[in-house]
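**Q** Take a look at upload_22.tsv, TSV, C-alpha atoms:
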chain	number	residue	atom	x	y	z
A	29	MET	CA	26.08	-4.29	55.01
A	30	ARG	CA	25.07	-5.69	51.64
A	31	ARG	CA	27.57	-8.54	51.97
A	32	VAL	CA	26.01	-9.66	55.26
A	33	VAL	CA	22.42	-9.38	53.98
A	34	GLU	CA	23.27	-11.30	50.80
A	35	ALA	CA	25.11	-14.00	52.77
A	36	ALA	CA	22.04	-14.35	55.00
A	37	ARG	CA	19.75	-14.62	51.99
A	38	GLU	CA	21.87	-17.45	50.59
A	39	ARG	CA	21.20	-19.31	53.85
A	40	ASN	CA	17.46	-18.49	53.76
A	41	ILE	CA	17.73	-16.09	56.71
A	42	CYS	CA	15.57	-12.96	56.58
A	43	LEU	CA	18.00	-10.31	57.84
A	44	ARG	CA	17.53	-6.60	57.16
A	45	ALA	CA	19.74	-3.60	57.94
A	46	ILE	CA	18.65	-0.75	60.18
A	47	GLY	CA	20.40	2.33	61.57
A	48	GLY	CA	22.65	4.98	60.05
A	49	VAL	CA	24.29	2.85	57.37
A	50	ALA	CA	20.89	1.59	56.23
A	51	ILE	CA	19.62	5.16	55.99
A	52	ARG	CA	22.70	6.20	53.99
A	53	PHE	CA	21.97	3.33	51.58
A	54	HIS	CA	18.71	5.08	50.65
A	55	CYS	CA	20.26	8.54	50.31
A	56	GLN	CA	21.62	9.39	46.89
A	57	ASN	CA	23.03	12.87	46.18
A	58	LEU	CA	23.19	13.70	49.88
A	59	PRO	CA	24.37	17.26	50.65
A	60	LEU	CA	27.79	17.44	52.28
A	61	ALA	CA	26.23	19.18	55.28
A	62	LEU	CA	24.31	16.00	56.14
A	63	GLU	CA	27.21	13.55	55.72
A	64	ARG	CA	28.62	11.74	58.76
A	65	GLU	CA	30.86	8.79	59.64
A	66	TYR	CA	29.56	5.34	60.57
A	67	GLN	CA	31.10	3.02	63.13
A	68	ASP	CA	28.92	-0.09	63.12
A	69	ILE	CA	26.05	-1.82	61.35
A	70	ASP	CA	22.68	-2.78	62.84
A	71	PHE	CA	20.28	-5.50	61.69
A	72	VAL	CA	16.86	-6.91	62.45
A	73	VAL	CA	16.07	-10.60	61.99
A	74	GLU	CA	12.83	-12.57	62.16
A	75	PRO	CA	12.43	-14.38	65.52
A	76	ILE	CA	12.25	-17.77	63.82
A	77	GLU	CA	15.79	-17.18	62.49
A	78	TYR	CA	17.31	-16.53	65.93
A	79	PRO	CA	18.72	-20.08	66.42
A	80	LYS	CA	20.74	-19.69	63.20
A	81	LEU	CA	22.48	-16.43	64.14
A	82	LYS	CA	25.59	-17.70	65.91
A	83	THR	CA	26.45	-20.25	63.23
A	84	PHE	CA	25.70	-17.77	60.45
A	85	PHE	CA	27.88	-14.94	61.78
A	86	GLU	CA	30.74	-17.27	62.60
A	87	SER	CA	30.58	-18.52	58.99
A	88	ILE	CA	31.27	-14.97	57.74
A	89	GLU	CA	34.07	-14.41	60.26
A	90	TYR	CA	32.24	-12.61	63.05
A	91	VAL	CA	32.66	-13.65	66.70
A	92	PRO	CA	29.97	-13.26	69.38
A	93	ASN	CA	29.97	-11.00	72.41
A	94	LYS	CA	29.36	-14.01	74.63
A	95	ARG	CA	28.39	-12.17	77.81
A	96	PHE	CA	26.01	-9.72	76.12
A	97	ASN	CA	24.42	-12.43	73.97
A	98	LEU	CA	23.89	-14.70	76.97
A	99	LEU	CA	22.23	-11.92	78.99
A	100	ASN	CA	20.00	-10.78	76.13
A	101	ASP	CA	19.32	-14.22	74.67
A	102	ALA	CA	16.64	-14.15	71.94
A	103	ARG	CA	16.13	-10.36	72.00
A	104	ARG	CA	19.39	-8.82	70.86
A	105	GLN	CA	22.85	-10.04	69.82
A	106	ILE	CA	26.25	-8.46	69.13
A	107	TYR	CA	29.02	-9.85	66.91
A	108	TYR	CA	32.50	-8.50	66.08
A	109	TYR	CA	34.27	-8.75	62.77
A	110	LYS	CA	37.51	-10.74	63.03
A	111	ASP	CA	40.37	-8.91	64.83
A	112	THR	CA	38.67	-5.48	64.57
A	113	ASP	CA	36.46	-3.22	66.69
A	114	ARG	CA	33.78	-3.20	64.00
A	115	HIS	CA	30.64	-4.89	65.19
A	116	VAL	CA	27.08	-5.66	64.23
A	117	ASP	CA	24.11	-5.26	66.53
A	118	VAL	CA	21.23	-7.62	65.75
A	119	PHE	CA	17.69	-7.05	67.03
A	120	VAL	CA	15.52	-10.15	67.04
A	121	GLY	CA	11.90	-9.56	66.03
A	122	ASP	CA	10.62	-6.20	67.19
A	123	PHE	CA	12.99	-3.24	67.60
A	124	GLU	CA	13.07	-2.28	71.28
A	125	MET	CA	15.01	0.73	72.57
A	126	CYS	CA	13.31	3.82	74.06
A	127	HIS	CA	10.09	2.51	72.50
A	128	LYS	CA	8.97	-0.80	71.02
A	129	LEU	CA	8.53	-0.79	67.23
A	130	PRO	CA	6.85	-3.79	65.54
A	131	MET	CA	9.08	-4.93	62.70
A	132	SER	CA	9.12	-8.70	62.39
A	133	SER	CA	6.07	-8.69	60.07
A	134	ARG	CA	7.52	-5.88	57.90
A	135	LEU	CA	11.01	-7.16	57.14
A	136	ARG	CA	10.24	-8.21	53.57
A	137	LEU	CA	9.15	-4.76	52.37
A	138	ASP	CA	12.70	-4.01	51.18
A	139	PRO	CA	15.35	-6.54	50.06
A	140	ILE	CA	18.26	-4.93	51.96
A	141	THR	CA	16.99	-2.71	54.79
A	142	VAL	CA	13.86	-2.29	56.85
A	143	SER	CA	11.30	0.06	55.27
A	144	LEU	CA	11.86	3.80	55.07
A	145	ALA	CA	9.14	4.41	57.66
A	146	ASP	CA	10.78	1.93	60.04
A	147	LEU	CA	14.16	3.59	59.46
A	148	PHE	CA	12.57	6.94	60.32
A	149	LEU	CA	10.96	5.58	63.48
A	150	SER	CA	14.14	3.81	64.61
A	151	LYS	CA	15.77	7.25	64.90
A	152	ALA	CA	12.72	9.31	65.86
A	153	GLN	CA	12.05	7.04	68.87
A	154	ILE	CA	15.37	8.05	70.51
A	155	VAL	CA	14.60	10.20	73.57
A	156	LYS	CA	18.12	11.62	73.86
A	157	LEU	CA	18.55	12.36	70.18
A	158	ASN	CA	22.15	13.33	69.38
A	159	ARG	CA	23.37	15.25	66.36
A	160	LYS	CA	24.34	12.24	64.26
A	161	ASP	CA	20.90	10.68	64.74
A	162	ALA	CA	19.30	14.02	63.87
A	163	LEU	CA	21.43	14.17	60.71
A	164	ASP	CA	20.24	10.66	59.84
A	165	LEU	CA	16.62	11.80	60.09
A	166	LEU	CA	17.29	14.87	57.95
A	167	SER	CA	19.18	12.75	55.41
A	168	LEU	CA	16.33	10.26	55.13
A	169	LEU	CA	13.76	13.00	54.65
A	170	PHE	CA	15.91	14.96	52.21
A	171	CYS	CA	16.43	12.02	49.86
A	172	ASN	CA	13.04	10.30	50.05
A	173	GLU	CA	9.50	11.46	49.37
A	174	ILE	CA	6.71	11.24	51.94
A	175	GLY	CA	3.70	9.09	51.05
A	176	SER	CA	0.96	6.86	52.41
A	177	ASP	CA	2.52	3.51	51.47
A	178	ASP	CA	5.90	1.77	51.61
A	179	GLU	CA	6.68	1.93	47.87
A	180	LYS	CA	10.04	3.74	48.04
A	181	ARG	CA	8.48	6.44	50.20
A	182	VAL	CA	8.44	7.28	53.90
A	183	ASN	CA	5.02	5.95	54.87
A	184	ALA	CA	3.58	8.80	56.95
A	185	ALA	CA	0.27	6.98	57.33
A	186	TYR	CA	2.01	4.05	59.05
A	187	ILE	CA	4.01	6.38	61.30
A	188	ALA	CA	0.85	8.29	62.22
A	189	ASN	CA	-1.06	5.09	63.01
A	190	LEU	CA	1.63	3.85	65.41
A	191	CYS	CA	1.77	7.25	67.11
A	192	ALA	CA	-2.04	7.38	67.37
A	193	ASN	CA	-2.01	4.15	69.37
A	194	ASP	CA	1.06	4.81	71.53
A	195	TRP	CA	1.13	8.13	73.39
A	196	GLY	CA	4.73	7.64	74.47
A	197	LEU	CA	5.95	7.09	70.92
A	198	TRP	CA	3.85	10.07	69.76
A	199	LYS	CA	5.44	12.27	72.41
A	200	THR	CA	9.02	11.33	71.55
A	201	VAL	CA	8.49	11.56	67.79
A	202	SER	CA	6.82	14.96	68.19
A	203	ILE	CA	9.72	16.26	70.30
A	204	ASN	CA	12.27	15.01	67.78
A	205	LEU	CA	10.47	16.56	64.83
A	206	GLU	CA	10.78	19.87	66.67
A	207	ARG	CA	14.46	19.17	67.36
A	208	ILE	CA	15.32	18.57	63.73
A	209	LYS	CA	13.42	21.71	62.75
A	210	GLU	CA	15.61	23.64	65.19
A	211	ILE	CA	18.75	22.14	63.62
A	212	LEU	CA	17.41	23.01	60.19
A	213	ARG	CA	16.97	26.64	61.24
A	214	ALA	CA	20.49	26.86	62.68
A	215	GLU	CA	22.99	28.86	60.68
A	216	ASP	CA	25.81	26.34	61.18
A	217	ILE	CA	24.22	23.74	58.89
A	218	GLN	CA	25.31	24.52	55.34
A	219	LEU	CA	22.14	24.03	53.29
A	220	SER	CA	20.64	26.27	50.64
A	221	ASP	CA	17.27	27.93	51.14
A	222	GLU	CA	15.80	25.49	48.63
A	223	GLN	CA	17.17	22.49	50.52
A	224	ARG	CA	15.89	23.84	53.84
A	225	SER	CA	12.47	24.43	52.31
A	226	LEU	CA	12.33	20.86	50.95
A	227	LEU	CA	13.15	19.42	54.37
A	228	SER	CA	10.77	21.75	56.17
A	229	ASN	CA	7.90	20.72	53.88
A	230	ARG	CA	8.58	17.02	54.38
A	231	ILE	CA	8.75	17.38	58.15
A	232	SER	CA	5.43	19.23	58.01
A	233	GLU	CA	3.88	16.43	55.94
A	234	ILE	CA	4.69	13.93	58.67
A	235	GLU	CA	3.46	16.29	61.40
A	236	ARG	CA	0.15	16.78	59.59
A	237	ALA	CA	-0.33	13.04	59.14
A	238	ILE	CA	0.30	12.45	62.85
A	239	ALA	CA	-2.06	15.29	63.84
A	240	ARG	CA	-4.88	14.00	61.59
A	241	ALA	CA	-4.75	10.37	62.73
A	242	PRO	CA	-7.64	9.50	65.12
A	243	LYS	CA	-6.20	8.78	68.56
A	244	SER	CA	-7.09	5.55	70.38
A	245	LEU	CA	-8.86	5.52	73.74
A	246	ALA	CA	-5.65	4.30	75.38
A	247	TRP	CA	-3.79	7.25	73.82
A	248	GLN	CA	-6.39	9.71	75.13
A	249	LEU	CA	-6.25	8.28	78.66
A	250	ARG	CA	-2.44	8.39	78.67
A	251	ASP	CA	-2.55	11.96	77.37
A	252	ARG	CA	-4.30	13.02	80.59
A	253	VAL	CA	-1.28	11.85	82.57
A	254	GLY	CA	1.19	13.58	80.26
A	255	THR	CA	4.85	13.80	81.20
A	256	ARG	CA	4.22	13.42	84.95
A	257	VAL	CA	4.99	9.74	84.35
A	258	ARG	CA	7.96	8.65	82.24
A	259	TRP	CA	6.75	7.64	78.79
A	260	TYR	CA	9.83	5.80	77.52
A	261	THR	CA	12.27	3.06	78.48
A	262	GLU	CA	15.70	4.04	79.75
A	263	VAL	CA	18.34	2.53	77.46
A	264	GLU	CA	21.63	1.50	79.02
A	265	GLU	CA	24.90	1.86	77.13
A	266	VAL	CA	26.19	-1.47	75.87
A	267	GLU	CA	29.65	-2.49	77.05
A	268	GLN	CA	31.56	-3.38	73.87
How would this structure read if it were set down as structure tokens?

**A**
Amino acid sequence: MRRVVEAARERNICLRAIGGVAIRFHCQNLPLALEREYQDIDFVVEPIEYPKLKTFFESIEYVPNKRFNLLNDARRQIYYYKDTDRHVDVFVGDFEMCHKLPMSSRLRLDPITVSLADLFLSKAQIVKLNRKDALDLLSLLFCNEIGSDDEKRVNAAYIANLCANDWGLWKTVSINLERIKEILRAEDIQLSDEQRSLLSNRISEIERAIARAPKSLAWQLRDRVGTRVRWYTEVEEVEQ
């Protein structure tokens, strides 16, 4: 991950890591119970850099998924490392999966990855949250303090503001905060009482920030509809 980001920087390309590996990068002294394996690396790049992607990745021995890249054009790209199954998934500009997260204007907050708040949201926006993504959220919150800015903290104020203006994102994030609390309460996750308490308190900090944030008129109108109408985008599995 660092090799790719540094190679991009040498070519004046603003590329930042996102996803599980990026979260692990910010997690020192992670409890064994929260460890997991990683299969690929994800990145976000500024839209203006999109034309450089193919040449850049080929220069560091990655080959494109030609069909996928053609179909997705300037939105998302996939490249494979030479003669292996390891691949990188590159989102161009905003991060769009179950929900759209604005990122292109925030990519310079950290020199290697997207910000901690953006890392949190990239996992919390997943409607069908699986265990590894839940572990990523717990890992991020265990190893990083909650705050109201992006200075090496998970910016709860930024998360709350996005949720206050997007009912769908609010709904999914709220559901997933409940999901990770359920995992935290489960007996099969080997954490001490002190570790559970730390995580519980940090989850609560984010929940309080979201609850306090004044909701937009659009949010209030959408809230009347509730879950009778789907509030997220269905994400199709990518053929590798």

**Q** Find the residues with any atom within 12 Å of (26.7, 13.7, 53.5); use only C-alpha atoms and the coordinates as given in the file, and write the answer as number ranges by chain.

**A** A: 48-49, 51-53, 55-66, 160, 163-164, 166-168, 170-171, 217-219

**Q** Let's have the selection written as a short mmCIF file (atom, residue, chain, number, x, y, z; two decimals), in the frame of the given file, with C-alpha atoms.

**A**
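So out_35.cif came out as:
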data_model
loop_
_atom_site.label_atom_id
_atom_site.label_comp_id
_atom_site.auth_asym_id
_atom_site.auth_seq_id
_atom_site.Cartn_x
_atom_site.Cartn_y
_atom_site.Cartn_z
CA GLY A 48 22.65 4.98 60.05
CA VAL A 49 24.29 2.85 57.37
CA ILE A 51 19.62 5.16 55.99
CA ARG A 52 22.70 6.20 53.99
CA PHE A 53 21.97 3.33 51.58
CA CYS A 55 20.26 8.54 50.31
CA GLN A 56 21.62 9.39 46.89
CA ASN A 57 23.03 12.87 46.18
CA LEU A 58 23.19 13.70 49.88
CA PRO A 59 24.37 17.26 50.65
CA LEU A 60 27.79 17.44 52.28
CA ALA A 61 26.23 19.18 55.28
CA LEU A 62 24.31 16.00 56.14
CA GLU A 63 27.21 13.55 55.72
CA ARG A 64 28.62 11.74 58.76
CA GLU A 65 30.86 8.79 59.64
CA TYR A 66 29.56 5.34 60.57
CA LYS A 160 24.34 12.24 64.26
CA LEU A 163 21.43 14.17 60.71
CA ASP A 164 20.24 10.66 59.84
CA LEU A 166 17.29 14.87 57.95
CA SER A 167 19.18 12.75 55.41
CA LEU A 168 16.33 10.26 55.13
CA PHE A 170 15.91 14.96 52.21
CA CYS A 171 16.43 12.02 49.86
CA ILE A 217 24.22 23.74 58.89
CA GLN A 218 25.31 24.52 55.34
CA LEU A 219 22.14 24.03 53.29
#

**Q** Determine, using only C-alpha atoms, which residues of range 112-141 of chain A have any atom at most 10 Å from an atom of range 73-97 of chain A, and tabulate each with its shortest atom pair and distance in Å to one decimal place, rows ordered by chain and then rising number, as JSON lines.

**A**
{"residue": "A:Thr112", "atom": "CA", "partner": "A:Tyr90", "partner_atom": "CA", "distance": 9.7}
{"residue": "A:Arg114", "atom": "CA", "partner": "A:Tyr90", "partner_atom": "CA", "distance": 9.6}
{"residue": "A:His115", "atom": "CA", "partner": "A:Tyr90", "partner_atom": "CA", "distance": 8.2}
{"residue": "A:Val116", "atom": "CA", "partner": "A:Tyr90", "partner_atom": "CA", "distance": 8.7}
{"residue": "A:Val118", "atom": "CA", "partner": "A:Val73", "partner_atom": "CA", "distance": 7.0}
{"residue": "A:Phe119", "atom": "CA", "partner": "A:Val73", "partner_atom": "CA", "distance": 6.4}
{"residue": "A:Val120", "atom": "CA", "partner": "A:Val73", "partner_atom": "CA", "distance": 5.1}
{"residue": "A:Gly121", "atom": "CA", "partner": "A:Pro75", "partner_atom": "CA", "distance": 4.9}
{"residue": "A:Asp122", "atom": "CA", "partner": "A:Glu74", "partner_atom": "CA", "distance": 8.4}
{"residue": "A:Phe123", "atom": "CA", "partner": "A:Val73", "partner_atom": "CA", "distance": 9.8}
{"residue": "A:Met131", "atom": "CA", "partner": "A:Glu74", "partner_atom": "CA", "distance": 8.5}
{"residue": "A:Ser132", "atom": "CA", "partner": "A:Glu74", "partner_atom": "CA", "distance": 5.4}
{"residue": "A:Ser133", "atom": "CA", "partner": "A:Glu74", "partner_atom": "CA", "distance": 8.1}
{"residue": "A:Arg134", "atom": "CA", "partner": "A:Glu74", "partner_atom": "CA", "distance": 9.5}
{"residue": "A:Leu135", "atom": "CA", "partner": "A:Glu74", "partner_atom": "CA", "distance": 7.6}
{"residue": "A:Arg136", "atom": "CA", "partner": "A:Glu74", "partner_atom": "CA", "distance": 10.0}

**Q** If you count all atoms listed in the file, which residues fall within 7 Å of Leu147 in chain A, apart from same-chain ones fewer than 3 positions away, as a ChimeraX atom specification?

**A** /A:46-47,51,142-144,150-151

**Q** Can you write out as JSON lines which residues of range 85-146 of chain A fall within 10 Å of range 184-207 of chain A, alongside each residue's closest atom pair and its distance in Å to one decimal, counting only C-alpha atoms and ordering rows by chain and ascending residue number?

**A**
{"residue": "A:Cys126", "atom": "CA", "partner": "A:Leu197", "partner_atom": "CA", "distance": 8.6}
{"residue": "A:His127", "atom": "CA", "partner": "A:Leu197", "partner_atom": "CA", "distance": 6.4}
{"residue": "A:Lys128", "atom": "CA", "partner": "A:Leu197", "partner_atom": "CA", "distance": 8.4}
{"residue": "A:Leu129", "atom": "CA", "partner": "A:Leu190", "partner_atom": "CA", "distance": 8.5}
{"residue": "A:Pro130", "atom": "CA", "partner": "A:Leu190", "partner_atom": "CA", "distance": 9.3}
{"residue": "A:Leu144", "atom": "CA", "partner": "A:Ala184", "partner_atom": "CA", "distance": 9.9}
{"residue": "A:Ala145", "atom": "CA", "partner": "A:Ile187", "partner_atom": "CA", "distance": 6.6}
{"residue": "A:Asp146", "atom": "CA", "partner": "A:Ile187", "partner_atom": "CA", "distance": 8.2}

**Q** Quick one: residues within 8 Å of Leu212 in chain A, all atoms listed in the file counted, chain neighbours fewer than 4 positions away excluded, as an mmCIF file with C-alpha atoms, keeping the file's coordinate frame?

**A**
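Written file, part27.cif:
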data_model
loop_
_atom_site.group_PDB
_atom_site.id
_atom_site.type_symbol
_atom_site.label_atom_id
_atom_site.label_comp_id
_atom_site.auth_asym_id
_atom_site.auth_seq_id
_atom_site.Cartn_x
_atom_site.Cartn_y
_atom_site.Cartn_z
ATOM 1 C CA ILE A 208 15.320 18.570 63.730
ATOM 2 C CA ILE A 217 24.220 23.740 58.890
ATOM 3 C CA ARG A 224 15.890 23.840 53.840
ATOM 4 C CA SER A 228 10.770 21.750 56.170
#
